[in-house]
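Everything below belongs to model32.pdb, which stores PDB, C-alpha atoms.
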```
ATOM      1  CA  GLN A1281      76.822 144.406  85.705  1.00  0.00           C
ATOM      2  CA  VAL A1282      73.091 143.796  85.693  1.00  0.00           C
ATOM      3  CA  GLN A1283      71.538 143.338  82.241  1.00  0.00           C
ATOM      4  CA  LEU A1284      68.018 144.683  81.730  1.00  0.00           C
ATOM      5  CA  VAL A1285      65.677 143.800  78.882  1.00  0.00           C
ATOM      6  CA  GLU A1286      62.458 145.740  78.340  1.00  0.00           C
ATOM      7  CA  SER A1287      59.445 144.581  76.359  1.00  0.00           C
ATOM      8  CA  GLY A1288      55.784 145.422  75.850  1.00  0.00           C
ATOM      9  CA  GLY A1289      55.977 148.663  73.909  1.00  0.00           C
ATOM     10  CA  GLY A1290      53.999 149.333  70.775  1.00  0.00           C
ATOM     11  CA  LEU A1291      51.399 151.474  69.055  1.00  0.00           C
ATOM     12  CA  VAL A1292      48.197 152.191  70.961  1.00  0.00           C
ATOM     13  CA  GLN A1293      45.285 154.564  70.492  1.00  0.00           C
ATOM     14  CA  PRO A1294      44.627 157.390  72.961  1.00  0.00           C
ATOM     15  CA  GLY A1295      42.802 156.041  75.988  1.00  0.00           C
ATOM     16  CA  GLY A1296      44.337 152.611  75.538  1.00  0.00           C
ATOM     17  CA  SER A1297      46.572 150.577  77.818  1.00  0.00           C
ATOM     18  CA  LEU A1298      49.943 148.863  77.720  1.00  0.00           C
ATOM     19  CA  ARG A1299      52.044 146.921  80.187  1.00  0.00           C
ATOM     20  CA  LEU A1300      55.800 147.180  79.978  1.00  0.00           C
ATOM     21  CA  SER A1301      58.083 144.540  81.467  1.00  0.00           C
ATOM     22  CA  CYS A1302      61.746 144.688  82.388  1.00  0.00           C
ATOM     23  CA  VAL A1303      63.606 141.496  83.235  1.00  0.00           C
ATOM     24  CA  ALA A1304      66.884 141.730  85.142  1.00  0.00           C
ATOM     25  CA  SER A1305      69.727 139.216  84.886  1.00  0.00           C
ATOM     26  CA  THR A1306      70.523 139.006  88.572  1.00  0.00           C
ATOM     27  CA  ARG A1307      69.672 136.701  91.437  1.00  0.00           C
ATOM     28  CA  ARG A1308      69.794 139.704  93.737  1.00  0.00           C
ATOM     29  CA  PHE A1309      66.937 141.573  92.097  1.00  0.00           C
ATOM     30  CA  SER A1310      65.269 142.208  95.458  1.00  0.00           C
ATOM     31  CA  MET A1311      68.246 144.351  96.480  1.00  0.00           C
ATOM     32  CA  PHE A1312      67.718 146.867  93.674  1.00  0.00           C
ATOM     33  CA  ASN A1313      65.581 149.927  93.379  1.00  0.00           C
ATOM     34  CA  MET A1314      63.909 149.882  89.968  1.00  0.00           C
ATOM     35  CA  GLY A1315      62.697 152.740  87.834  1.00  0.00           C
ATOM     36  CA  TRP A1316      61.032 153.524  84.538  1.00  0.00           C
ATOM     37  CA  TYR A1317      62.154 156.578  82.610  1.00  0.00           C
ATOM     38  CA  ARG A1318      61.116 157.950  79.251  1.00  0.00           C
ATOM     39  CA  GLN A1319      62.644 160.115  76.579  1.00  0.00           C
ATOM     40  CA  ALA A1320      60.741 161.815  73.798  1.00  0.00           C
ATOM     41  CA  PRO A1321      62.540 163.093  70.671  1.00  0.00           C
ATOM     42  CA  GLY A1322      64.504 166.242  71.448  1.00  0.00           C
ATOM     43  CA  LYS A1323      63.814 166.039  75.161  1.00  0.00           C
ATOM     44  CA  GLN A1324      65.715 164.853  78.205  1.00  0.00           C
ATOM     45  CA  ARG A1325      65.174 161.499  79.845  1.00  0.00           C
ATOM     46  CA  ASP A1326      62.761 161.883  82.762  1.00  0.00           C
ATOM     47  CA  LEU A1327      61.641 159.680  85.620  1.00  0.00           C
ATOM     48  CA  VAL A1328      58.194 158.151  85.155  1.00  0.00           C
ATOM     49  CA  ALA A1329      57.949 155.873  88.178  1.00  0.00           C
ATOM     50  CA  ARG A1330      60.215 154.228  90.712  1.00  0.00           C
ATOM     51  CA  ILE A1331      59.838 151.381  93.177  1.00  0.00           C
ATOM     52  CA  THR A1332      62.350 150.809  95.927  1.00  0.00           C
ATOM     53  CA  LEU A1333      63.609 147.540  97.371  1.00  0.00           C
ATOM     54  CA  ILE A1334      61.084 147.983 100.183  1.00  0.00           C
ATOM     55  CA  ASN A1335      58.272 148.623  97.664  1.00  0.00           C
ATOM     56  CA  THR A1336      57.773 152.311  98.205  1.00  0.00           C
ATOM     57  CA  THR A1337      56.747 154.025  94.986  1.00  0.00           C
ATOM     58  CA  ASN A1338      56.818 157.471  93.477  1.00  0.00           C
ATOM     59  CA  TYR A1339      55.477 158.824  90.195  1.00  0.00           C
ATOM     60  CA  ALA A1340      55.842 161.796  87.932  1.00  0.00           C
ATOM     61  CA  ASP A1341      52.883 164.127  88.366  1.00  0.00           C
ATOM     62  CA  SER A1342      51.923 163.667  84.721  1.00  0.00           C
ATOM     63  CA  VAL A1343      51.247 159.933  85.169  1.00  0.00           C
ATOM     64  CA  LYS A1344      49.772 159.766  88.669  1.00  0.00           C
ATOM     65  CA  GLY A1345      46.490 157.921  88.670  1.00  0.00           C
ATOM     66  CA  ARG A1346      47.151 156.401  85.232  1.00  0.00           C
ATOM     67  CA  PHE A1347      50.395 154.415  85.592  1.00  0.00           C
ATOM     68  CA  THR A1348      51.311 151.773  88.150  1.00  0.00           C
ATOM     69  CA  ILE A1349      54.765 150.372  88.827  1.00  0.00           C
ATOM     70  CA  SER A1350      55.110 146.941  90.417  1.00  0.00           C
ATOM     71  CA  ARG A1351      57.734 144.275  90.858  1.00  0.00           C
ATOM     72  CA  ASP A1352      57.929 140.495  91.066  1.00  0.00           C
ATOM     73  CA  ASN A1353      61.151 139.584  92.834  1.00  0.00           C
ATOM     74  CA  ALA A1354      60.699 135.870  92.109  1.00  0.00           C
ATOM     75  CA  ARG A1355      60.770 136.668  88.388  1.00  0.00           C
ATOM     76  CA  SER A1356      63.361 139.474  88.636  1.00  0.00           C
ATOM     77  CA  THR A1357      60.892 141.648  86.778  1.00  0.00           C
ATOM     78  CA  VAL A1358      59.510 145.146  87.135  1.00  0.00           C
ATOM     79  CA  TYR A1359      56.324 146.205  85.371  1.00  0.00           C
ATOM     80  CA  LEU A1360      54.795 149.478  84.300  1.00  0.00           C
ATOM     81  CA  THR A1361      51.055 149.297  83.717  1.00  0.00           C
ATOM     82  CA  MET A1362      49.896 152.285  81.702  1.00  0.00           C
ATOM     83  CA  ASN A1363      46.218 153.167  81.396  1.00  0.00           C
ATOM     84  CA  ASN A1364      44.390 156.029  79.695  1.00  0.00           C
ATOM     85  CA  LEU A1365      47.399 156.687  77.494  1.00  0.00           C
ATOM     86  CA  LYS A1366      47.771 160.095  75.901  1.00  0.00           C
ATOM     87  CA  PRO A1367      49.737 161.232  72.839  1.00  0.00           C
ATOM     88  CA  GLU A1368      52.141 163.050  75.163  1.00  0.00           C
ATOM     89  CA  ASP A1369      53.106 159.668  76.657  1.00  0.00           C
ATOM     90  CA  THR A1370      54.813 158.816  73.367  1.00  0.00           C
ATOM     91  CA  ALA A1371      58.480 158.156  74.073  1.00  0.00           C
ATOM     92  CA  VAL A1372      61.137 155.501  74.411  1.00  0.00           C
ATOM     93  CA  TYR A1373      60.718 153.926  77.831  1.00  0.00           C
ATOM     94  CA  TYR A1374      63.811 152.762  79.702  1.00  0.00           C
ATOM     95  CA  CYS A1375      64.223 150.578  82.754  1.00  0.00           C
ATOM     96  CA  LYS A1376      66.890 151.376  85.338  1.00  0.00           C
ATOM     97  CA  ALA A1377      68.280 149.403  88.256  1.00  0.00           C
ATOM     98  CA  ASP A1378      70.166 151.098  91.066  1.00  0.00           C
ATOM     99  CA  SER A1379      71.619 150.096  94.393  1.00  0.00           C
ATOM    100  CA  LYS A1380      74.261 151.427  96.740  1.00  0.00           C
ATOM    101  CA  TRP A1381      76.497 148.463  95.910  1.00  0.00           C
ATOM    102  CA  THR A1382      76.735 148.741  92.109  1.00  0.00           C
ATOM    103  CA  ASP A1383      76.714 151.212  89.258  1.00  0.00           C
ATOM    104  CA  ASP A1384      73.364 152.028  87.723  1.00  0.00           C
ATOM    105  CA  ALA A1385      72.216 149.768  84.898  1.00  0.00           C
ATOM    106  CA  TRP A1386      69.949 150.721  81.999  1.00  0.00           C
ATOM    107  CA  GLY A1387      67.979 148.701  79.495  1.00  0.00           C
ATOM    108  CA  GLN A1388      67.953 149.323  75.777  1.00  0.00           C
ATOM    109  CA  GLY A1389      64.506 150.922  75.765  1.00  0.00           C
ATOM    110  CA  THR A1390      61.133 150.113  74.254  1.00  0.00           C
ATOM    111  CA  GLN A1391      59.120 152.446  72.049  1.00  0.00           C
ATOM    112  CA  VAL A1392      55.627 153.503  73.092  1.00  0.00           C
ATOM    113  CA  THR A1393      53.588 155.415  70.532  1.00  0.00           C
ATOM    114  CA  VAL A1394      50.142 156.778  71.360  1.00  0.00           C
ATOM    115  CA  SER A1395      48.335 157.849  68.230  1.00  0.00           C
ATOM    116  CA  SER A1396      45.020 157.498  66.471  1.00  0.00           C
TER     117      SER A1396
END
```
Mind converting the file's structure to structure tokens?
Amino acid sequence: QVQLVESGGGLVQPGGSLRLSCVASTRRFSMFNMGWYRQAPGKQRDLVARITLINTTNYADSVKGRFTISRDNARSTVYLTMNNLKPEDTAVYYCKADSKWTDDAWGQGTQVTVSS
């Protein structure tokens, strides 16, 4: 089972930026599709951005133009760069790894709070 560890969350003012990182404990990182999801209190966990093993990306409409997902296969890491953050971006952000060969794996989450 792949282990995922997220980092980079924190408190930021509206309009600010953060970069989240998710490191995977696998030598086969390049074979996984990677995604960032978020869950606000009382709400369901939703997809924010996803990058496939061939580097195609897709984003939730609410973050298009503000967030960028990227991956570094040599470091087994996926990133989420978040710009122009809004209070409605406040949530716990989770990393997910999926492939057709293994069960999905989730990280423990990192809190992002956007507030003045």
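All protein and nucleic acid residues in the vicinity of (63.8, 146.8, 88.8), that is within 6 Å when counting only C-alpha atoms, are A:Asn1313, A:Met1314, A:Val1358, A:Ala1377.
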Notebook entry, point to check: For this file, the PyMOL selection byres ((chain A and resi 1368) around 12) selects which residues, as a list in words?
Noted result: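 In the shown coordinates, the PyMOL selection byres ((chain A and resi 1368) around 12) covers Gln1293, Pro1294, Gly1295, Arg1318, Gln1319, Ala1320, Pro1321, Ser1342, Val1343, Asn1364, Leu1365, Lys1366, Pro1367, Asp1369, Thr1370, Ala1371, Val1372, Val1392, Thr1393, Val1394 and Ser1395 of chain A.
Distances here use only C-alpha atoms; by that measure, the residue among A:Gln1283, A:Asn1353, A:Tyr1373, A:Thr1382 closest to Trp1316 in chain A is A:Tyr1373.
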Next item on the list: Expand the PyMOL selection byres ((chain A and resi 1357) around 8) into the individual residues it matches in the shown file, reporting them as JSON, numbers by chain.
Entry: {"A": [1301, 1302, 1303, 1304, 1351, 1352, 1353, 1354, 1355, 1356, 1358, 1359]}
Next item on the list: Would you translate the PyMOL selection byres ((chain A and resi 1332) around 10) into the concrete set of residues it matches in this file, as a list of chain:residue names?
Entry: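 Selected by the PyMOL selection byres ((chain A and resi 1332) around 10) here: A:Ser1310, A:Met1311, A:Phe1312, A:Asn1313, A:Met1314, A:Gly1315, A:Arg1330, A:Ile1331, A:Leu1333, A:Ile1334, A:Asn1335, A:Thr1336, A:Thr1337, A:Asn1338, A:Ser1350, A:Arg1351, A:Ala1377, A:Asp1378, A:Ser1379.
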Note to self: Show me, as number ranges by chain, the residues that have an atom within 10 Å of Gln1388 in chain A when counting only C-alpha atoms, minus same-chain residues fewer than 6 positions from it.
What the structure shows: A: 1283-1287, 1372-1376
Margin query: Between CA of Leu1291 in chain A and CA of Asp1384 in chain A, what distance in Å does the model show, to one decimal?
Written below: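 Computing it gives 28.8 Å between the two atoms.
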Item checked: For Thr1348 in chain A, the nearest of the candidates A:Thr1390, A:Lys1380, A:Ser1396, A:Ser1297, counting only C-alpha atoms ->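 Residue with the minimum atom-to-atom distance to Thr1348 in chain A: A:Ser1297.
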Next item on the list: Could you please determine the separation between CA of Gly1345 in chain A and CA of Thr1361 in chain A in Å, to one decimal place?
Entry: 10.9 Å
Next item on the list: Provide the CA of Asp1383 in chain A to CA of Ala1340 in chain A distance in Å, to one decimal place.
Entry: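 Computing it gives 23.4 Å between the two atoms.
For the choices A:Met1362, A:Asp1341, A:Phe1309, A:Phe1347, the atom-to-atom distance to Gly1289 in chain A is smallest for A:Met1362 when using all atoms listed in the file.
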Notebook entry, point to check: Nearest to Ile1349 in chain A: which of A:Lys1323, A:Arg1308, A:Arg1299, A:Ala1385 is it, counting only C-alpha atoms?
Noted result: A:Arg1299
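Using all atoms listed in the file, the shortest contact distance between Leu1300 in chain A and any of A:Gly1288, A:Tyr1317, A:Trp1381, A:Leu1327 is found at A:Gly1288.
The residue that comes closest to Arg1307 in chain A, out of A:Leu1360, A:Asp1326, A:Val1292, A:Val1282 and on the basis of only C-alpha atoms, is A:Val1282.
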As a PDB file, in the frame of the given file, the rebuilt range 1341-1366 of chain A with N, CA and C atoms:
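This is the output file out.pdb:
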```pdb
ATOM      1  N   ASP A1341      54.230 163.568  88.236  1.00  0.00           N
ATOM      2  CA  ASP A1341      52.883 164.127  88.366  1.00  0.00           C
ATOM      3  C   ASP A1341      52.037 163.841  87.129  1.00  0.00           C
ATOM      4  N   SER A1342      52.661 163.820  85.972  1.00  0.00           N
ATOM      5  CA  SER A1342      51.923 163.667  84.721  1.00  0.00           C
ATOM      6  C   SER A1342      51.315 162.278  84.542  1.00  0.00           C
ATOM      7  N   VAL A1343      51.758 161.298  85.333  1.00  0.00           N
ATOM      8  CA  VAL A1343      51.247 159.933  85.169  1.00  0.00           C
ATOM      9  C   VAL A1343      50.501 159.422  86.395  1.00  0.00           C
ATOM     10  N   LYS A1344      50.461 160.205  87.447  1.00  0.00           N
ATOM     11  CA  LYS A1344      49.772 159.766  88.669  1.00  0.00           C
ATOM     12  C   LYS A1344      48.310 159.461  88.370  1.00  0.00           C
ATOM     13  N   GLY A1345      47.862 158.327  88.884  1.00  0.00           N
ATOM     14  CA  GLY A1345      46.490 157.921  88.670  1.00  0.00           C
ATOM     15  C   GLY A1345      46.266 157.147  87.384  1.00  0.00           C
ATOM     16  N   ARG A1346      47.275 157.130  86.500  1.00  0.00           N
ATOM     17  CA  ARG A1346      47.151 156.401  85.232  1.00  0.00           C
ATOM     18  C   ARG A1346      48.145 155.248  85.131  1.00  0.00           C
ATOM     19  N   PHE A1347      49.339 155.431  85.671  1.00  0.00           N
ATOM     20  CA  PHE A1347      50.395 154.415  85.592  1.00  0.00           C
ATOM     21  C   PHE A1347      50.610 153.772  86.954  1.00  0.00           C
ATOM     22  N   THR A1348      50.990 152.500  86.926  1.00  0.00           N
ATOM     23  CA  THR A1348      51.311 151.773  88.150  1.00  0.00           C
ATOM     24  C   THR A1348      52.593 150.982  87.946  1.00  0.00           C
ATOM     25  N   ILE A1349      53.538 151.160  88.856  1.00  0.00           N
ATOM     26  CA  ILE A1349      54.765 150.372  88.827  1.00  0.00           C
ATOM     27  C   ILE A1349      54.646 149.255  89.857  1.00  0.00           C
ATOM     28  N   SER A1350      55.137 148.072  89.500  1.00  0.00           N
ATOM     29  CA  SER A1350      55.110 146.941  90.417  1.00  0.00           C
ATOM     30  C   SER A1350      56.305 146.053  90.126  1.00  0.00           C
ATOM     31  N   ARG A1351      56.593 145.150  91.049  1.00  0.00           N
ATOM     32  CA  ARG A1351      57.734 144.275  90.858  1.00  0.00           C
ATOM     33  C   ARG A1351      57.391 142.868  91.319  1.00  0.00           C
ATOM     34  N   ASP A1352      58.043 141.895  90.689  1.00  0.00           N
ATOM     35  CA  ASP A1352      57.929 140.495  91.066  1.00  0.00           C
ATOM     36  C   ASP A1352      59.355 140.003  91.297  1.00  0.00           C
ATOM     37  N   ASN A1353      59.762 139.948  92.536  1.00  0.00           N
ATOM     38  CA  ASN A1353      61.151 139.584  92.834  1.00  0.00           C
ATOM     39  C   ASN A1353      61.459 138.139  92.433  1.00  0.00           C
ATOM     40  N   ALA A1354      60.479 137.274  92.489  1.00  0.00           N
ATOM     41  CA  ALA A1354      60.699 135.870  92.109  1.00  0.00           C
ATOM     42  C   ALA A1354      61.014 135.742  90.618  1.00  0.00           C
ATOM     43  N   ARG A1355      60.515 136.676  89.832  1.00  0.00           N
ATOM     44  CA  ARG A1355      60.770 136.668  88.388  1.00  0.00           C
ATOM     45  C   ARG A1355      61.801 137.706  87.968  1.00  0.00           C
ATOM     46  N   SER A1356      62.374 138.424  88.934  1.00  0.00           N
ATOM     47  CA  SER A1356      63.361 139.474  88.636  1.00  0.00           C
ATOM     48  C   SER A1356      62.817 140.452  87.604  1.00  0.00           C
ATOM     49  N   THR A1357      61.576 140.836  87.779  1.00  0.00           N
ATOM     50  CA  THR A1357      60.892 141.648  86.778  1.00  0.00           C
ATOM     51  C   THR A1357      60.198 142.845  87.431  1.00  0.00           C
ATOM     52  N   VAL A1358      60.274 143.965  86.743  1.00  0.00           N
ATOM     53  CA  VAL A1358      59.510 145.146  87.135  1.00  0.00           C
ATOM     54  C   VAL A1358      58.546 145.471  85.989  1.00  0.00           C
ATOM     55  N   TYR A1359      57.366 145.912  86.352  1.00  0.00           N
ATOM     56  CA  TYR A1359      56.324 146.205  85.371  1.00  0.00           C
ATOM     57  C   TYR A1359      55.913 147.674  85.453  1.00  0.00           C
ATOM     58  N   LEU A1360      55.424 148.163  84.321  1.00  0.00           N
ATOM     59  CA  LEU A1360      54.795 149.478  84.300  1.00  0.00           C
ATOM     60  C   LEU A1360      53.469 149.308  83.562  1.00  0.00           C
ATOM     61  N   THR A1361      52.379 149.385  84.299  1.00  0.00           N
ATOM     62  CA  THR A1361      51.055 149.297  83.717  1.00  0.00           C
ATOM     63  C   THR A1361      50.570 150.706  83.417  1.00  0.00           C
ATOM     64  N   MET A1362      50.250 150.938  82.157  1.00  0.00           N
ATOM     65  CA  MET A1362      49.896 152.285  81.702  1.00  0.00           C
ATOM     66  C   MET A1362      48.472 152.274  81.171  1.00  0.00           C
ATOM     67  N   ASN A1363      47.612 153.048  81.798  1.00  0.00           N
ATOM     68  CA  ASN A1363      46.218 153.167  81.396  1.00  0.00           C
ATOM     69  C   ASN A1363      45.914 154.581  80.930  1.00  0.00           C
ATOM     70  N   ASN A1364      44.818 154.719  80.189  1.00  0.00           N
ATOM     71  CA  ASN A1364      44.390 156.029  79.695  1.00  0.00           C
ATOM     72  C   ASN A1364      45.558 156.775  79.041  1.00  0.00           C
ATOM     73  N   LEU A1365      46.224 156.098  78.132  1.00  0.00           N
ATOM     74  CA  LEU A1365      47.399 156.687  77.494  1.00  0.00           C
ATOM     75  C   LEU A1365      47.035 157.894  76.644  1.00  0.00           C
ATOM     76  N   LYS A1366      47.953 158.846  76.633  1.00  0.00           N
ATOM     77  CA  LYS A1366      47.771 160.095  75.901  1.00  0.00           C
ATOM     78  C   LYS A1366      48.891 160.256  74.869  1.00  0.00           C
TER      79      LYS A1366
END
```
